[in-house]
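Structure below is target.txt: compact mmCIF, C-alpha atoms.
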```txt
# COMPACT_ATOMS: atom_id res chain seq x y z
CA MET J 10 -299.40 14.57 -60.65
CA LYS J 11 -297.58 17.26 -62.63
CA PRO J 12 -298.68 20.90 -62.88
CA THR J 13 -297.49 21.23 -66.46
CA GLU J 14 -297.15 18.99 -69.45
CA GLY J 15 -294.33 19.70 -71.84
CA GLY J 16 -293.98 23.16 -70.33
CA ASN J 17 -296.41 24.64 -72.88
CA THR J 18 -299.93 23.81 -71.71
CA THR J 19 -301.82 24.14 -68.46
CA PRO J 20 -303.53 20.84 -67.63
CA SER J 21 -307.21 21.05 -66.80
CA VAL J 22 -308.84 19.21 -63.91
CA ILE J 23 -312.31 18.26 -62.68
CA LEU J 24 -312.89 19.12 -59.02
CA VAL J 25 -315.04 16.75 -56.98
CA GLY J 26 -316.47 17.28 -53.50
CA VAL J 27 -318.80 15.03 -51.49
CA ASP J 28 -321.09 16.34 -48.76
CA PHE J 29 -321.39 13.80 -45.94
CA GLY J 30 -323.46 16.15 -43.79
CA ASP J 31 -320.58 18.39 -42.71
CA ASP J 32 -321.81 21.83 -41.65
CA HIS J 33 -318.71 23.40 -43.19
CA PHE J 34 -318.83 21.61 -46.55
CA ASP J 35 -317.50 23.85 -49.32
CA GLY J 36 -320.26 23.27 -51.86
CA GLU J 37 -318.71 25.60 -54.44
CA LEU J 38 -315.29 23.96 -53.99
CA GLN J 39 -313.78 27.44 -53.88
CA GLU J 40 -310.80 26.51 -51.70
CA LEU J 41 -310.02 23.39 -53.73
CA GLY J 42 -310.17 25.54 -56.85
CA LEU J 43 -307.68 28.00 -55.35
CA LEU J 44 -305.41 25.13 -54.38
CA ALA J 45 -305.58 23.74 -57.92
CA GLN J 46 -304.79 27.13 -59.45
CA THR J 47 -301.94 27.62 -56.98
CA ALA J 48 -300.48 24.29 -58.12
CA GLY J 49 -300.69 25.39 -61.77
CA TYR J 50 -303.94 23.79 -62.93
CA GLN J 51 -306.90 25.13 -64.87
CA VAL J 52 -310.29 24.14 -63.50
CA ALA J 53 -312.43 22.59 -66.25
CA ASP J 54 -315.51 21.92 -64.10
CA ARG J 55 -316.73 21.20 -60.57
CA VAL J 56 -318.91 18.36 -59.30
CA SER J 57 -320.59 18.20 -55.88
CA CYS J 58 -322.81 15.45 -54.55
CA LYS J 59 -324.27 14.16 -51.29
CA ARG J 60 -323.79 10.76 -49.70
CA ARG J 61 -324.42 9.27 -46.29
CA ALA J 62 -321.05 7.52 -46.33
CA PRO J 63 -318.17 7.00 -48.79
CA ASP J 64 -318.53 4.13 -51.25
CA PRO J 65 -315.83 1.59 -50.24
CA ALA J 66 -314.76 0.99 -53.84
CA LEU J 67 -315.28 4.26 -55.73
CA PHE J 68 -315.92 6.80 -52.93
CA VAL J 69 -318.74 8.45 -54.93
CA GLY J 70 -320.46 5.30 -56.18
CA SER J 71 -320.51 3.87 -59.70
CA GLY J 72 -323.27 6.14 -61.07
CA LYS J 73 -321.56 9.38 -60.05
CA ALA J 74 -318.19 7.97 -61.17
CA ASP J 75 -319.70 7.41 -64.65
CA GLU J 76 -320.98 11.00 -64.65
CA ILE J 77 -317.55 12.39 -63.70
CA LYS J 78 -315.86 10.27 -66.38
CA PHE J 79 -318.28 11.54 -69.03
CA LEU J 80 -317.66 15.13 -67.94
CA ALA J 81 -313.88 14.62 -68.00
CA ASP J 82 -314.06 13.11 -71.50
CA ALA J 83 -316.23 15.99 -72.71
CA THR J 84 -313.98 18.73 -71.29
CA GLY J 85 -310.69 16.99 -72.02
CA ALA J 86 -309.69 17.15 -68.35
CA ALA J 87 -306.32 15.52 -67.70
CA GLU J 88 -306.97 14.71 -64.06
CA ILE J 89 -309.62 14.40 -61.34
CA LEU J 90 -309.09 16.07 -57.97
CA PHE J 91 -311.13 15.13 -54.89
CA ASP J 92 -311.63 17.55 -51.99
CA GLN J 93 -311.50 14.70 -49.48
CA ALA J 94 -308.78 12.16 -48.78
CA LEU J 95 -309.07 8.93 -50.77
CA SER J 96 -307.91 5.52 -49.61
CA PRO J 97 -305.27 3.81 -51.80
CA ALA J 98 -307.88 1.29 -53.00
CA GLN J 99 -310.43 3.99 -53.86
CA GLN J 100 -307.79 5.97 -55.72
CA ARG J 101 -306.69 2.92 -57.71
CA ASN J 102 -310.28 1.91 -58.56
CA LEU J 103 -311.19 5.43 -59.63
CA GLU J 104 -308.17 5.69 -61.91
CA ARG J 105 -309.11 2.45 -63.62
CA HIS J 106 -312.71 3.62 -63.95
CA MET J 107 -311.84 7.12 -65.19
CA GLY J 108 -308.93 6.18 -67.41
CA ARG J 109 -306.89 9.13 -66.09
CA PRO J 110 -305.02 10.15 -62.91
CA VAL J 111 -307.12 10.69 -59.80
CA ASN J 112 -305.68 12.48 -56.79
CA ASP J 113 -306.96 14.01 -53.58
CA ARG J 114 -306.61 17.19 -51.55
CA THR J 115 -303.75 15.73 -49.52
CA LEU J 116 -301.46 15.15 -52.50
CA LEU J 117 -302.45 18.51 -53.99
CA ILE J 118 -301.29 20.32 -50.84
CA LEU J 119 -298.10 18.25 -50.80
CA GLU J 120 -297.40 19.25 -54.41
CA ILE J 121 -297.86 22.93 -53.57
CA PHE J 122 -295.55 22.61 -50.58
CA ALA J 123 -292.95 20.88 -52.77
CA GLN J 124 -293.11 23.77 -55.27
CA ARG J 125 -292.85 26.46 -52.58
CA ALA J 126 -290.26 25.06 -50.16
CA ARG J 127 -287.05 27.07 -50.38
CA SER J 128 -284.96 26.29 -47.30
CA HIS J 129 -283.12 23.02 -46.70
CA GLU J 130 -285.40 22.32 -43.75
CA GLY J 131 -288.57 23.03 -45.69
CA LYS J 132 -287.53 20.72 -48.51
CA LEU J 133 -286.74 17.95 -46.03
CA GLN J 134 -290.12 18.34 -44.36
CA VAL J 135 -292.01 18.15 -47.65
CA GLU J 136 -289.93 15.19 -48.79
CA LEU J 137 -290.80 13.29 -45.61
CA ALA J 138 -294.52 14.02 -45.92
CA LYS J 139 -294.60 12.92 -49.57
CA LEU J 140 -292.66 9.72 -48.83
CA GLN J 141 -295.05 8.84 -46.02
CA TYR J 142 -298.06 9.51 -48.27
CA LEU J 143 -296.71 7.54 -51.24
CA SER J 144 -295.59 4.59 -49.11
CA THR J 145 -299.24 3.51 -48.78
CA ARG J 146 -299.90 3.84 -52.51
CA LEU J 147 -297.08 1.85 -54.07
CA VAL J 148 -299.43 -0.83 -55.33
CA ARG J 149 -300.97 1.52 -57.93
CA ARG J 150 -297.57 2.53 -59.27
CA TRP J 151 -296.81 -1.03 -60.43
CA SER J 152 -300.24 -2.36 -61.36
CA HIS J 153 -299.19 -2.65 -65.01
CA LEU J 154 -296.51 -5.24 -64.17
CA GLU J 155 -296.93 -8.94 -63.58
CA ARG J 156 -298.18 -9.79 -60.09
CA GLN J 157 -297.66 -13.00 -58.10
CA SER J 158 -300.30 -15.55 -59.08
CA GLY J 159 -299.91 -17.93 -56.16
CA GLY J 160 -299.72 -21.71 -56.19
CA ILE J 161 -297.07 -24.25 -55.27
CA GLY J 162 -293.70 -23.52 -56.78
CA MET J 163 -294.73 -20.12 -58.12
CA ARG J 164 -292.29 -17.26 -57.65
CA GLY J 165 -293.16 -13.59 -57.40
CA GLY J 166 -293.22 -11.79 -60.72
CA PRO J 167 -291.23 -8.64 -61.49
CA GLY J 168 -294.07 -6.42 -60.33
CA GLU J 169 -294.14 -7.99 -56.90
CA THR J 170 -290.37 -7.78 -56.67
CA GLN J 171 -290.41 -4.13 -57.70
CA ILE J 172 -293.06 -3.29 -55.09
CA GLU J 173 -290.99 -4.86 -52.32
CA LEU J 174 -287.86 -3.08 -53.53
CA ASP J 175 -289.72 0.21 -53.69
CA ARG J 176 -291.15 -0.26 -50.20
CA ARG J 177 -287.68 -0.92 -48.86
CA MET J 178 -286.24 2.09 -50.68
CA ILE J 179 -288.99 4.39 -49.42
CA ALA J 180 -288.61 3.03 -45.87
CA ASP J 181 -284.88 3.75 -46.03
CA SER J 182 -285.52 7.22 -47.45
CA ILE J 183 -288.04 7.98 -44.68
CA LYS J 184 -285.51 6.87 -42.05
CA ARG J 185 -282.73 9.03 -43.54
CA THR J 186 -284.98 12.06 -43.89
CA LYS J 187 -286.19 11.75 -40.30
CA GLU J 188 -282.56 11.59 -39.10
CA ARG J 189 -281.69 14.73 -41.05
CA LEU J 190 -284.76 16.52 -39.70
CA GLU J 191 -283.83 15.48 -36.17
CA LYS J 192 -280.53 17.30 -36.63
CA VAL J 193 -282.43 20.41 -37.75
CA LYS J 194 -284.71 20.08 -34.72
CA LYS J 195 -281.69 19.96 -32.40
CA GLN J 196 -280.24 23.04 -34.07
CA ARG J 197 -283.51 24.90 -33.55
CA ALA J 198 -283.60 23.76 -29.91
CA THR J 199 -280.08 25.15 -29.44
CA GLN J 200 -281.16 28.47 -30.97
CA ARG J 201 -284.19 28.58 -28.65
CA ARG J 202 -282.02 27.93 -25.60
CA GLN J 203 -279.73 30.77 -26.67
CA ARG J 204 -282.74 33.08 -26.95
CA GLU J 205 -283.94 31.95 -23.51
CA ARG J 206 -280.51 32.70 -22.02
CA ARG J 207 -280.76 36.17 -23.51
CA GLU J 208 -284.32 36.33 -22.12
CA THR J 209 -285.65 37.19 -25.57
CA PHE J 210 -289.42 37.58 -25.72
CA SER J 211 -290.67 35.62 -28.74
CA ILE J 212 -293.78 36.28 -30.83
CA SER J 213 -295.01 34.00 -33.63
CA LEU J 214 -297.45 34.83 -36.40
CA VAL J 215 -299.95 32.06 -37.04
CA GLY J 216 -303.13 31.91 -39.10
CA TYR J 217 -305.01 30.42 -42.00
CA THR J 218 -303.19 30.49 -45.31
CA ASN J 219 -303.60 33.76 -47.23
CA ALA J 220 -304.72 35.63 -44.11
CA GLY J 221 -301.88 38.12 -44.64
CA LYS J 222 -299.26 36.92 -42.13
CA SER J 223 -296.27 37.68 -44.34
CA SER J 224 -297.67 41.12 -45.24
CA LEU J 225 -298.05 41.91 -41.54
CA PHE J 226 -294.56 40.55 -40.85
CA ASN J 227 -293.12 42.85 -43.52
CA ALA J 228 -295.08 45.83 -42.19
CA LEU J 229 -293.86 45.29 -38.63
CA VAL J 230 -290.17 44.63 -39.22
CA LYS J 231 -289.70 46.31 -42.64
CA ALA J 232 -288.57 42.94 -44.03
CA ARG J 233 -288.88 41.68 -47.58
CA ALA J 234 -290.40 38.27 -46.94
CA TYR J 235 -292.32 36.99 -49.95
CA ALA J 236 -296.00 37.88 -49.72
CA ALA J 237 -298.68 37.34 -52.34
CA ASP J 238 -302.46 36.97 -52.60
CA GLN J 239 -302.30 33.20 -52.93
CA LEU J 240 -302.43 30.08 -50.79
CA PHE J 241 -299.16 29.06 -49.10
CA ALA J 242 -297.19 31.99 -50.51
CA THR J 243 -294.42 31.19 -48.02
CA LEU J 244 -293.53 27.99 -46.20
CA ASP J 245 -290.27 28.64 -44.43
CA THR J 246 -290.14 30.22 -41.00
CA THR J 247 -288.50 33.67 -41.00
CA THR J 248 -287.41 35.35 -37.75
CA ARG J 249 -286.46 39.01 -37.27
CA GLN J 250 -286.00 41.39 -34.36
CA LEU J 251 -288.89 43.78 -33.80
CA TYR J 252 -288.07 46.93 -31.85
CA LEU J 253 -290.92 48.22 -29.69
CA GLY J 254 -290.08 51.81 -28.86
CA ALA J 255 -292.76 52.21 -26.18
CA ALA J 256 -291.30 49.18 -24.36
CA GLY J 257 -287.69 50.23 -24.95
CA ARG J 258 -286.68 46.81 -26.16
CA SER J 259 -286.68 44.35 -29.04
CA VAL J 260 -288.60 41.11 -29.31
CA SER J 261 -288.20 38.14 -31.65
CA LEU J 262 -290.90 37.92 -34.36
CA SER J 263 -291.36 34.75 -36.47
CA ASP J 264 -293.55 34.21 -39.54
CA THR J 265 -294.72 30.58 -39.82
CA VAL J 266 -296.36 28.44 -42.49
CA GLY J 267 -300.08 29.03 -43.00
CA PHE J 268 -302.66 26.50 -41.83
CA ILE J 269 -305.59 25.15 -43.83
CA ARG J 270 -308.74 23.11 -43.30
CA ASN J 271 -307.99 19.40 -43.07
CA LEU J 272 -304.24 19.97 -43.15
CA PRO J 273 -302.76 16.52 -43.81
CA HIS J 274 -301.50 15.00 -40.57
CA GLY J 275 -298.34 13.97 -42.38
CA LEU J 276 -297.59 17.64 -42.96
CA VAL J 277 -298.30 18.53 -39.34
CA ASP J 278 -295.87 15.80 -38.28
CA ALA J 279 -293.28 16.67 -40.90
CA PHE J 280 -293.39 20.37 -40.06
CA ALA J 281 -293.07 19.76 -36.32
CA ALA J 282 -289.66 21.44 -36.21
CA THR J 283 -290.95 24.59 -37.90
CA LEU J 284 -294.25 24.67 -36.00
CA GLN J 285 -292.31 24.28 -32.75
CA GLU J 286 -291.59 27.99 -33.06
CA ALA J 287 -295.27 28.61 -32.39
CA ALA J 288 -295.45 26.12 -29.51
CA ASP J 289 -292.46 27.76 -27.79
CA ALA J 290 -293.56 31.37 -28.34
CA ASP J 291 -294.48 33.72 -25.51
CA LEU J 292 -297.28 35.19 -27.61
CA LEU J 293 -299.12 34.18 -30.79
CA LEU J 294 -300.46 36.78 -33.19
CA HIS J 295 -303.35 34.85 -34.74
CA VAL J 296 -303.90 36.60 -38.08
CA VAL J 297 -307.44 36.34 -39.49
CA ASP J 298 -308.75 37.40 -42.91
CA ALA J 299 -311.64 39.51 -41.66
CA SER J 300 -312.97 39.92 -45.21
CA ASN J 301 -313.49 36.18 -45.68
CA PRO J 302 -317.07 35.15 -44.76
CA ASP J 303 -315.73 31.77 -43.63
CA HIS J 304 -313.25 33.25 -41.15
CA PRO J 305 -314.95 31.66 -38.09
CA GLU J 306 -314.32 28.20 -39.57
CA GLN J 307 -310.78 29.22 -40.49
CA ILE J 308 -310.14 30.30 -36.90
CA GLU J 309 -311.31 26.88 -35.71
CA SER J 310 -309.01 25.15 -38.21
CA VAL J 311 -306.03 27.09 -36.86
CA MET J 312 -307.01 26.33 -33.27
CA SER J 313 -307.20 22.63 -34.15
CA VAL J 314 -303.64 22.62 -35.52
CA LEU J 315 -302.41 24.59 -32.49
CA ARG J 316 -303.86 21.87 -30.27
CA ASP J 317 -302.09 19.22 -32.37
CA ILE J 318 -298.69 20.87 -31.90
CA GLY J 319 -299.15 21.64 -28.20
CA ALA J 320 -299.58 25.40 -28.64
CA ALA J 321 -303.23 25.75 -27.62
CA ASP J 322 -302.37 27.30 -24.23
CA VAL J 323 -299.92 29.89 -25.57
CA PRO J 324 -301.38 33.41 -25.09
CA GLN J 325 -302.96 34.74 -28.29
CA MET J 326 -303.85 38.10 -29.73
CA LEU J 327 -306.34 38.07 -32.61
CA ILE J 328 -305.36 40.24 -35.57
CA PHE J 329 -308.34 40.81 -37.88
CA ASN J 330 -306.52 41.77 -41.08
CA LYS J 331 -307.72 43.14 -44.45
CA LEU J 332 -309.78 45.92 -42.90
CA ASP J 333 -309.56 47.70 -46.25
CA ALA J 334 -311.50 44.86 -47.92
CA LEU J 335 -314.50 45.06 -45.56
CA PRO J 336 -317.74 46.62 -46.87
CA PRO J 337 -318.93 49.71 -44.93
CA GLU J 338 -321.63 47.79 -43.08
CA ARG J 339 -319.05 45.35 -41.68
CA LEU J 340 -316.53 47.91 -40.47
CA PRO J 341 -315.90 47.61 -36.71
CA HIS J 342 -316.98 50.36 -34.30
CA LYS J 343 -313.64 50.04 -32.51
CA THR J 344 -310.29 48.89 -33.85
CA LEU J 345 -309.36 47.35 -30.49
CA ASP J 346 -311.67 45.13 -28.45
CA SER J 347 -311.76 41.59 -27.07
CA MET J 348 -313.26 38.33 -28.27
CA GLU J 349 -314.25 35.16 -26.45
CA LEU J 350 -312.69 32.08 -28.00
CA HIS J 351 -312.73 28.63 -26.38
CA ASP J 352 -313.61 30.11 -22.97
CA ARG J 353 -310.72 32.56 -23.22
CA SER J 354 -310.90 36.30 -23.66
CA MET J 355 -308.43 37.50 -26.28
CA ASP J 356 -307.47 40.98 -27.36
CA ARG J 357 -308.57 41.67 -30.94
CA ILE J 358 -307.14 44.34 -33.24
CA PHE J 359 -308.51 45.32 -36.65
CA LEU J 360 -305.95 46.52 -39.20
CA SER J 361 -304.82 46.44 -42.82
CA ALA J 362 -301.29 45.15 -43.22
CA GLN J 363 -301.41 45.98 -46.94
CA GLU J 364 -302.25 49.66 -46.40
CA GLY J 365 -300.55 50.01 -43.01
CA THR J 366 -303.76 51.09 -41.26
CA GLY J 367 -303.64 50.13 -37.58
CA VAL J 368 -300.10 48.69 -37.69
CA ALA J 369 -298.76 51.49 -35.44
CA ASP J 370 -301.59 50.77 -32.98
CA LEU J 371 -300.59 47.09 -32.97
CA ARG J 372 -296.96 47.99 -32.19
CA GLU J 373 -298.12 50.18 -29.33
CA HIS J 374 -300.41 47.47 -27.97
CA LEU J 375 -297.63 44.88 -28.23
CA ALA J 376 -295.31 47.16 -26.28
CA GLN J 377 -297.88 47.56 -23.50
CA TRP J 378 -298.57 43.82 -23.53
CA VAL J 379 -294.86 43.03 -23.15
CA LEU J 380 -294.32 45.59 -20.39
CA GLN J 381 -297.30 44.33 -18.38
CA ARG J 382 -296.02 40.78 -18.48
CA SER J 383 -292.41 41.56 -17.67
CA PRO J 384 -291.50 40.96 -14.03
CA SER J 385 -288.25 42.85 -14.60
CA PRO J 386 -288.24 46.54 -13.61
CA HIS J 387 -285.68 47.14 -16.39
CA ALA J 388 -287.06 46.64 -19.87
CA ASP J 389 -283.65 45.91 -21.35
CA LEU J 390 -283.20 42.91 -19.06
CA GLY J 391 -285.85 41.04 -21.02
CA ILE J 392 -288.82 38.85 -20.27
CA PHE J 393 -288.91 35.81 -17.99
CA SER J 394 -291.49 33.05 -18.21
CA HIS J 395 -294.25 32.95 -15.61
CA ASP J 396 -293.01 29.68 -14.08
CA GLU J 397 -289.33 30.71 -13.84
CA PRO J 398 -288.20 33.43 -11.40
CA ALA J 399 -286.05 36.21 -12.77
CA PRO J 400 -282.44 35.81 -11.72
CA GLY J 401 -281.60 37.76 -8.63
```

Just give me the structure as structure tokens.
Amino acid sequence: MKPTEGGNTTPSVILVGVDFGDDHFDGELQELGLLAQTAGYQVADRVSCKRRAPDPALFVGSGKADEIKFLADATGAAEILFDQALSPAQQRNLERHMGRPVNDRTLLILEIFAQRARSHEGKLQVELAKLQYLSTRLVRRWSHLERQSGGIGMRGGPGETQIELDRRMIADSIKRTKERLEKVKKQRATQRRQRERRETFSISLVGYTNAGKSSLFNALVKARAYAADQLFATLDTTTRQLYLGAAGRSVSLSDTVGFIRNLPHGLVDAFAATLQEAADADLLLHVVDASNPDHPEQIESVMSVLRDIGAADVPQMLIFNKLDALPPERLPHKTLDSMELHDRSMDRIFLSAQEGTGVADLREHLAQWVLQRSPSPHADLGIFSHDEPAPG
């Protein structure tokens, strides 16, 4: 799966989505289209269909597979992209049937992450996720070579030997990458302990990809973190000190990787070290794209990942961003209210990080939030967790 061919042309792809009765099925395949464009592809066409269950061999069934192949031939599409995860067997069968590469949403996200990772840690995390994904799909990489035929006295052919060698090499690479990531995890743990000794109050920005986390981060701390109107504009965690004048102290603010619907579990596991920043935070600023009509589903996707990483119980403040993109009839009556989410009442603030509207109000509210939860009578002594007494 390569975003460009020869460096001169943009490969075109056919997008395929199957509705199995999911209430949140993206019938227009808008998000998959954005993912494809982010990875450097041009969308030639989109195909949606309904099924009660996936076809074991071809996922969509032979009739629909024929239709997709005809469409790909007619448009000259170089590749087929599925919105759902394919099994290794389904992927192999589809490629044989289509006569061209077939990939799924999982690999597409991995490719985007590989393009965007900048830090040593980020690159290690993506490498681990890709190795784990590809380790189950080695058989399709060597299908053109001779395979073991069986029978007394028969020896494995070069294809079989290559598969075993590749499996061993990938297993070794996975082991080495995990060891290197473990070192990074220990370094982060040391940094967290240092912050705890300094009683630093930590805040992490979380949210669906392209909700505007990096824009808000830049607006709050006057940083220059990369921010763009695209999916997964930034992957690496960035931490800065945020001074809250009304509280008379600074807090630690971290911008984390964006979440997405059906985020591959391999990525959740691989990014455990980075996502640990959110799990260990004193407060999460859950940034929401208020202008997106699917924002309720996006909120649920973020909450699901937070549960996976053990951060579901961390206090949250909902930041409904992109106020400037809301039509007049959807503008809120108040820029600060509360919202019930999973039997919890959370403060909600409407703002526009891009235009700066409401950012000063957020800083003020954060200062009051920090002061109210600080057991120390002196703001410059810092914040202590609720289950640890302040030193006397």

Quiz item: Taking into account only C-alpha atoms, which residue in the set J:Ala86, J:Ile212, J:Gly72, J:Gln141 is nearest to J:Gln51?
Solution: J:Ala86

What are the closest atom pairs, with distances in Å to one decimal, for all residues of stretch 25-95 of chain J lying within 12 Å of stretch 123-127 of chain J? Consider only C-alpha atoms, order rows by chain and residue number, and present the result as JSON lines.
```
{"residue": "J:Thr47", "atom": "CA", "partner": "J:Gln124", "partner_atom": "CA", "distance": 9.8}
{"residue": "J:Ala48", "atom": "CA", "partner": "J:Gln124", "partner_atom": "CA", "distance": 7.9}
{"residue": "J:Gly49", "atom": "CA", "partner": "J:Gln124", "partner_atom": "CA", "distance": 10.1}
```

Self-check item: Point-to-point distance from atom CA of J:Thr199 to atom CA of J:Gln325, Å rounded to tenths
Solution: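 Separating atom CA of J:Thr199 from atom CA of J:Gln325 is a distance of 24.8 Å.
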
Quiz item: Hey, which of J:Gln377, J:Thr218, J:Ser211, J:Gln99 ends up closest to J:Val260? Count all atoms listed in the file.
Solution: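 Comparing J:Gln377, J:Thr218, J:Ser211, J:Gln99 against J:Val260, the winner is J:Ser211.
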
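Look at J:Phe122: the protein and nucleic acid residues within 9 Å of it, using all atoms listed in the file and passing over chain neighbours fewer than 4 places away, are J:Leu117, J:Ile118, J:Ala126, J:Gly131, J:Lys132, J:Val135, J:Phe241, J:Leu244.
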
Restrict the selected residues to C-alpha atoms and save them as a PDB file, keeping the file's coordinate frame.
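Output (part07.pdb):
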```pdb
ATOM      1  CA  LEU J 117    -302.450  18.510 -53.990  1.00  0.00           C
ATOM      2  CA  ILE J 118    -301.290  20.320 -50.840  1.00  0.00           C
ATOM      3  CA  ALA J 126    -290.260  25.060 -50.160  1.00  0.00           C
ATOM      4  CA  GLY J 131    -288.570  23.030 -45.690  1.00  0.00           C
ATOM      5  CA  LYS J 132    -287.530  20.720 -48.510  1.00  0.00           C
ATOM      6  CA  VAL J 135    -292.010  18.150 -47.650  1.00  0.00           C
ATOM      7  CA  PHE J 241    -299.160  29.060 -49.100  1.00  0.00           C
ATOM      8  CA  LEU J 244    -293.530  27.990 -46.200  1.00  0.00           C
TER       9      LEU J 244
END
```

Practice problem: Go ahead and compute the interatomic distance for atom CA of J:Glu37 and atom CA of J:Ile121, in Å to one decimal. | Solution: 21.0 Å

Exercise. Fewer than 6 positions away in the same chain doesn't count, so skip those; otherwise give me all residues within 8 Å of J:Gln250, counting all atoms listed in the file, as a list in words.
Key: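 Using all atoms listed in the file, the neighbours found are Val230, Ser259, Val260, Ser261 and Leu262 of chain J.
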
Practice problem: Within 9 Å of J:Leu272, counting all atoms listed in the file, which residues show up once you throw out same-chain ones fewer than 2 positions away? Write them as a PyMOL selection string, please. | Solution: chain J and resi 115+118+268-270+274-277+310+314

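Reported to one decimal place, the separation of atom CA of J:Gly85 from atom CA of J:Glu40 is 22.4 Å.
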
Exercise. Give the answer as one residue: which of J:Ser313, J:Asn112, J:Gln381, J:Asn330 has the shortest atom-to-atom distance to J:His351, using all atoms listed in the file?
Key: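 Ranking J:Ser313, J:Asn112, J:Gln381, J:Asn330 by distance to J:His351, first place goes to J:Ser313.
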
Quiz item: Residues at most 9 Å from J:Ala320, counting only C-alpha atoms, excluding those fewer than 2 positions away in the same chain, as a PyMOL selection string?
Solution: chain J and resi 285+287-290+312+314-318+322-324
